[in-house]
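Engineer: Before I ask anything, let me first share the structure, which is written out below as structure tokens.
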Amino acid sequence: MAATVINGKEIAKKVKDNLKNDVQILKDKGVKPCLVVVIVGDDPASRVYVNNKKKACEEVGIKSIEHAFGAELKEEELLQLIDKLNNDSSVNGILVQLPLPKHINEEKIIMAIKPEKDVDAFHPINVGKIMTGNPDFMPCTPAGVMKLIEETGIDIAGKECVVVGRSNIVGKPQAMLLLAKNGTVTICHSRTKNLEEVCKRADILVVAVGKPELIKGSAIKPGAVVIDVGTNRTEAKKLVGDVEFSSASEVASYITPVPGGVGPMTIAILMENTVKAAKLQSVK
Ligand code: NDP
């Protein structure tokens with residue numbers, strides 16, 4: 001039987017609708033949540049992401065400010081802007097869209113953002129809080145994935161969870177969130193042997209690799225929940241995930257589509273984090 005498709009767009013809309021109320025409560029208290037998005041260079045995918053983030057801010061009632069620069073921007077200039085934004089009390093969240101041009105050290109930029117304004121949760125302090133299980137901000141994509149799993153009604157506790165990919169942005173924090181929900185977690189990467197066999201153990205499979213349709217239906221346990229984080233453009237400019245949807249949806253019980261699965265959730269969690277930042281900063 002074909003899997004149920006998890007509608008990320010709809011679930012993201014629910015998250016954003018819930019936030020509207022919180023934003024109104026803050027505004028009634030004179031707090032106007034504000035997110036600053038910084039984009040450097042002219043990467044078309046980054047432009048799409050930034051536009052989607054700004055659109056989501058509008059939907060929720062968050063003020064968004066964009067700072068756009070050409071690829072020649074100097075690292076020092078970006079650091080100066082971050083310093084200014086860190087010290088501007090009307091700014092609650094700062095997001096620097098990655099990737100940055102090669103001459104700018106991303107780690108240095110992430111480190112420069114004040115942890116209480118780091119709504120992407122990339123700063124080591126926020127990463128540490130995710131590790132210890134008491135985060136101020138949730139990692140956007142992994143937390144979005146958790147909400148999608150939650151929607152299936154399946155309890156993660158005791159389940160075999162396999163995460164394919166170990167990036168700092170997705171794979172590693174994803175594993176931490178699944179572990180926090182008492183999943184038995186395995187992390188796979190490019191050096192994993194017998195990837196298909198390991199994936200086949202999973203009751204819950206999260207794939208974040210960046211390789212079009214790497215995981216086929218033959219690697220999926222019948223009845224598994226399959227979450228596809230991958231976003232890849234084929235030569236024909238079609239957007240596909242890391243999972244081969246046609247074969248995987250024949251075996252899984254639930255599956256996310258690409259597009260319309262994880263992508264909208266990432267942005268919804270970013271909105272949650274921005275509202276949380278405004279709340280935390282307003283009680284200081
Ligand atoms: P990275 O390139 O940072 O990490 C990719 C990971 O996949 C690495 O850990 C790598 O292993 C692993 N990997 C590579 N090849 C294989 C393989 N053949 N078998 C098993 N593992 C492999 O990517 P990101 O985590 O940033 O992103 C992953 C995907 O998710 C991309 O398509 C990206 O566009 C998408 N994405 C989507 C988001 C959304 O909101 N929908 C948000 C963020 C990302 P190793 O560490 O050994 O190199």
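Here's how to read the names in the structure tokens: chain A, B, ... by the order shown, residue numbers from 1 in each chain, ligand numbers from 1 in the order shown.
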Please provide as a PDB file with C-alpha atoms, in the first residue's frame all residues within 8 Å of range 144-159 of chain A, with the sequence filter that same-chain residues fewer than 4 positions apart are discarded (counting only C-alpha atoms).
Structural biologist:
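Dumped to selection_5.pdb:
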ATOM      1  CA  ILE A   6       3.139  14.146   5.142  1.00  0.00           C
ATOM      2  CA  GLY A   8       4.864  19.915   5.375  1.00  0.00           C
ATOM      3  CA  ILE A  11       1.849  21.654   9.083  1.00  0.00           C
ATOM      4  CA  CYS A 140      15.468  24.817  12.451  1.00  0.00           C
ATOM      5  CA  LEU A 177      16.653  15.536  18.993  1.00  0.00           C
ATOM      6  CA  LEU A 178      15.715  11.931  18.195  1.00  0.00           C
ATOM      7  CA  LYS A 181      12.858  11.567  22.462  1.00  0.00           C
ATOM      8  CA  ASN A 182      14.382   8.212  23.428  1.00  0.00           C
ATOM      9  CA  GLY A 183      14.972   6.880  19.935  1.00  0.00           C
ATOM     10  CA  THR A 184      17.785   4.377  19.390  1.00  0.00           C
ATOM     11  CA  ALA A 202      15.092   2.086  10.590  1.00  0.00           C
ATOM     12  CA  ASP A 203      11.571   2.534  11.876  1.00  0.00           C
ATOM     13  CA  ILE A 204      12.263   6.231  11.383  1.00  0.00           C
ATOM     14  CA  VAL A 225       8.512   6.733   8.481  1.00  0.00           C
ATOM     15  CA  ILE A 227      11.746  12.037   6.136  1.00  0.00           C
ATOM     16  CA  TYR A 254       4.635   7.845   5.934  1.00  0.00           C
ATOM     17  CA  VAL A 262      10.845  19.614   5.302  1.00  0.00           C
ATOM     18  CA  MET A 265       9.037  23.450   8.311  1.00  0.00           C
ATOM     19  CA  THR A 266      12.577  24.835   8.508  1.00  0.00           C
ATOM     20  CA  ALA A 268       8.321  27.807  10.402  1.00  0.00           C
ATOM     21  CA  ILE A 269      10.794  26.897  13.165  1.00  0.00           C
TER      22      ILE A 269
END
Engineer: Give the residues close to ligand 1, within 8 Å, counting only C-alpha atoms and all ligand atoms; write them as number ranges by chain.
Structural biologist: A: 140-141, 164-171, 188-192, 195, 207-212, 214, 229-232, 241-242, 261-267
Engineer: Include N, CA and C atoms and write out the residues we just selected as a compact mmCIF listing (two decimals), in the first residue's frame.
Structural biologist:
# COMPACT_ATOMS: atom_id res chain seq x y z
N CYS A 140 16.69 24.64 13.25
CA CYS A 140 15.47 24.82 12.45
C CYS A 140 15.05 23.57 11.67
N THR A 141 15.96 23.02 10.88
CA THR A 141 15.56 21.88 10.04
C THR A 141 15.26 20.64 10.90
N VAL A 164 20.81 9.74 8.01
CA VAL A 164 21.88 9.67 7.01
C VAL A 164 22.37 11.10 6.77
N GLY A 165 23.63 11.35 7.09
CA GLY A 165 24.22 12.70 7.04
C GLY A 165 24.60 13.13 8.44
N ARG A 166 25.75 13.80 8.56
CA ARG A 166 26.23 14.20 9.89
C ARG A 166 26.69 15.66 9.88
N SER A 167 26.00 16.49 9.11
CA SER A 167 26.41 17.91 9.08
C SER A 167 26.03 18.57 10.40
N ASN A 168 26.70 19.70 10.67
CA ASN A 168 26.38 20.45 11.90
C ASN A 168 24.99 21.06 11.83
N ILE A 169 24.51 21.29 10.61
CA ILE A 169 23.22 21.97 10.44
C ILE A 169 22.05 21.00 10.54
N VAL A 170 22.23 19.80 9.99
CA VAL A 170 21.09 18.86 9.97
C VAL A 170 21.41 17.55 10.73
N GLY A 171 22.30 16.75 10.19
CA GLY A 171 22.47 15.38 10.71
C GLY A 171 22.74 15.29 12.20
N CYS A 188 24.61 7.77 9.92
CA CYS A 188 25.38 7.30 8.77
C CYS A 188 26.02 8.48 8.05
N HIS A 189 27.07 8.20 7.30
CA HIS A 189 27.79 9.25 6.56
C HIS A 189 28.46 8.62 5.36
N SER A 190 29.35 9.38 4.72
CA SER A 190 29.93 8.89 3.46
C SER A 190 30.84 7.67 3.65
N ARG A 191 31.29 7.42 4.89
CA ARG A 191 32.17 6.27 5.13
C ARG A 191 31.40 5.07 5.71
N THR A 192 30.10 5.19 5.83
CA THR A 192 29.31 4.08 6.37
C THR A 192 29.33 2.90 5.41
N LEU A 195 25.29 0.90 3.65
CA LEU A 195 24.29 1.92 3.97
C LEU A 195 22.86 1.38 3.84
N VAL A 207 16.88 11.43 6.04
CA VAL A 207 17.98 11.48 5.08
C VAL A 207 18.33 12.92 4.75
N ALA A 208 19.59 13.29 5.01
CA ALA A 208 20.07 14.65 4.75
C ALA A 208 21.47 14.57 4.18
N VAL A 209 21.55 14.31 2.89
CA VAL A 209 22.84 14.05 2.25
C VAL A 209 23.15 15.08 1.15
N GLY A 210 22.16 15.32 0.29
CA GLY A 210 22.41 16.21 -0.84
C GLY A 210 22.80 15.44 -2.09
N LYS A 211 22.29 14.20 -2.19
CA LYS A 211 22.54 13.38 -3.39
C LYS A 211 21.19 12.91 -3.93
N PRO A 212 20.85 13.36 -5.13
CA PRO A 212 19.52 13.07 -5.66
C PRO A 212 19.16 11.58 -5.63
N LEU A 214 19.33 9.13 -3.65
CA LEU A 214 20.32 8.15 -3.19
C LEU A 214 19.65 6.92 -2.56
N VAL A 229 15.17 15.20 3.78
CA VAL A 229 15.59 16.60 3.95
C VAL A 229 16.22 17.14 2.65
N GLY A 230 16.74 16.24 1.85
CA GLY A 230 17.51 16.63 0.65
C GLY A 230 16.75 17.55 -0.29
N THR A 231 17.47 18.49 -0.83
CA THR A 231 16.90 19.41 -1.83
C THR A 231 17.92 19.47 -2.96
N ASN A 232 17.63 18.83 -4.05
CA ASN A 232 18.59 18.76 -5.16
C ASN A 232 17.90 19.16 -6.46
N GLY A 241 14.45 15.04 -3.87
CA GLY A 241 15.06 14.81 -2.57
C GLY A 241 16.22 13.83 -2.66
N ASP A 242 16.63 13.35 -1.48
CA ASP A 242 17.68 12.34 -1.39
C ASP A 242 17.08 10.93 -1.44
N GLY A 261 7.82 19.29 1.89
CA GLY A 261 7.96 18.48 3.10
C GLY A 261 8.71 19.26 4.17
N VAL A 262 10.02 19.02 4.24
CA VAL A 262 10.84 19.61 5.30
C VAL A 262 11.07 21.13 5.10
N GLY A 263 11.23 21.54 3.84
CA GLY A 263 11.56 22.94 3.54
C GLY A 263 10.68 23.96 4.27
N PRO A 264 9.36 23.88 4.12
CA PRO A 264 8.50 24.86 4.80
C PRO A 264 8.61 24.80 6.32
N MET A 265 8.92 23.60 6.85
CA MET A 265 9.04 23.45 8.31
C MET A 265 10.25 24.18 8.86
N THR A 266 11.35 24.14 8.09
CA THR A 266 12.58 24.83 8.51
C THR A 266 12.26 26.31 8.76
N ILE A 267 11.52 26.88 7.85
CA ILE A 267 11.20 28.31 7.96
C ILE A 267 10.22 28.56 9.12
Engineer: Please return, as a PyMOL selection string, all residues of range 78-261 of chain A that DSSP assigns to strand (DSSP E or B) on the basis of the backbone.
Structural biologist: chain A and resi 93-96+160-164+184-188+204-207+215+225-228+232-233+239-240+243+254-255
Engineer: In Å to one decimal, how far is CA of Met176 in chain A from CA of Val37 in chain A?
Structural biologist: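 Calculated distance between CA of Val37 in chain A and CA of Met176 in chain A is 26.8 Å.
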Engineer: So which residues touch Val119 in chain A within 9 Å, counting only C-alpha atoms, skipping near sequence neighbours fewer than 2 positions away, as a PDB file with C-alpha atoms, in the first residue's frame?
Structural biologist:
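That gives us part04.pdb:
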ATOM      1  CA  LEU A  35      14.497  39.480  12.236  1.00  0.00           C
ATOM      2  CA  ASN A  92      15.770  40.235  18.036  1.00  0.00           C
ATOM      3  CA  GLY A  93      17.160  37.759  15.525  1.00  0.00           C
ATOM      4  CA  ILE A  94      20.138  37.813  13.168  1.00  0.00           C
ATOM      5  CA  LEU A  95      20.388  35.339  10.330  1.00  0.00           C
ATOM      6  CA  PRO A 115      23.893  33.694  21.066  1.00  0.00           C
ATOM      7  CA  GLU A 116      20.585  35.265  22.191  1.00  0.00           C
ATOM      8  CA  LYS A 117      20.044  36.587  18.651  1.00  0.00           C
ATOM      9  CA  ALA A 121      21.015  28.003  16.553  1.00  0.00           C
ATOM     10  CA  PHE A 122      24.433  27.619  14.906  1.00  0.00           C
ATOM     11  CA  PHE A 137      16.483  27.894  20.126  1.00  0.00           C
ATOM     12  CA  MET A 138      15.726  24.701  18.253  1.00  0.00           C
ATOM     13  CA  PRO A 139      17.867  23.795  15.242  1.00  0.00           C
ATOM     14  CA  CYS A 140      15.468  24.817  12.451  1.00  0.00           C
ATOM     15  CA  LEU A 270      12.891  29.946  12.287  1.00  0.00           C
ATOM     16  CA  MET A 271       9.775  32.014  12.934  1.00  0.00           C
ATOM     17  CA  GLU A 272       9.267  30.236  16.293  1.00  0.00           C
ATOM     18  CA  ASN A 273      12.868  30.979  17.220  1.00  0.00           C
ATOM     19  CA  THR A 274      12.525  34.650  16.325  1.00  0.00           C
ATOM     20  CA  LYS A 276      11.181  33.185  21.290  1.00  0.00           C
ATOM     21  CA  ALA A 277      14.167  35.540  20.939  1.00  0.00           C
TER      22      ALA A 277
END
Engineer: At a cut-off of 6 Å, using only C-alpha atoms, what residues contact Val60 in chain A? Leave out same-chain residues fewer than 2 positions from it and give the result as a VMD selection string.
Structural biologist: chain A and resid 16 20 57 to 58 62
Engineer: If we count only C-alpha atoms, what is near Arg47 in chain A at a cut-off of 12 Å, once residues fewer than 2 positions away on the same chain are taken out, given as a PyMOL selection string?
Structural biologist: chain A and resi 37-45+49-54+66-69+97-99
Engineer: Within 8 Å of Lys216 in chain A, counting only C-alpha atoms, which residues show up once you throw out same-chain ones fewer than 2 positions away? Write them as a list in words, please.
Structural biologist: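 Close residues of Lys216 in chain A: Glu213, Leu214, Ser218, Ala219, Ile220, Val243, Glu244, Phe245, Ser247 and Ala248 of chain A.
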Engineer: Taking into account only C-alpha atoms, which residue in the set A:Ala180, A:Val31, A:Leu73, A:Ala236 is nearest to Ser90 in chain A?
Structural biologist: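 Answer, going by the shortest atom-to-atom distance: A:Val31.
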Engineer: Between CA of Leu100 in chain A and CA of Ile82 in chain A, what is the spacing in Å?
Structural biologist: 14.3 Å
Engineer: I'd like the neighbourhood of Val23 in chain A as JSON, numbers by chain, where a residue qualifies if any of its atoms comes within 7 Å (using only C-alpha atoms), though same-chain residues fewer than 3 positions away should be ignored.
Structural biologist: {"A": [19, 20, 26, 27, 61, 275]}
Engineer: Enumerate, as an MDAnalysis selection string, the complete set of residues in range 128-279 of chain A that a backbone-based DSSP assignment places in helix (DSSP H, G or I).
Structural biologist: chainID A and resid 128:132 140:152 171:180 195:200 217:219 245:248 262:279
Engineer: One decimal, in Å: what's the spacing between CA of Ile255 in chain A and CA of Lys172 in chain A?
Structural biologist: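 Interatomic distance, CA of Ile255 in chain A to CA of Lys172 in chain A: 21.0 Å.
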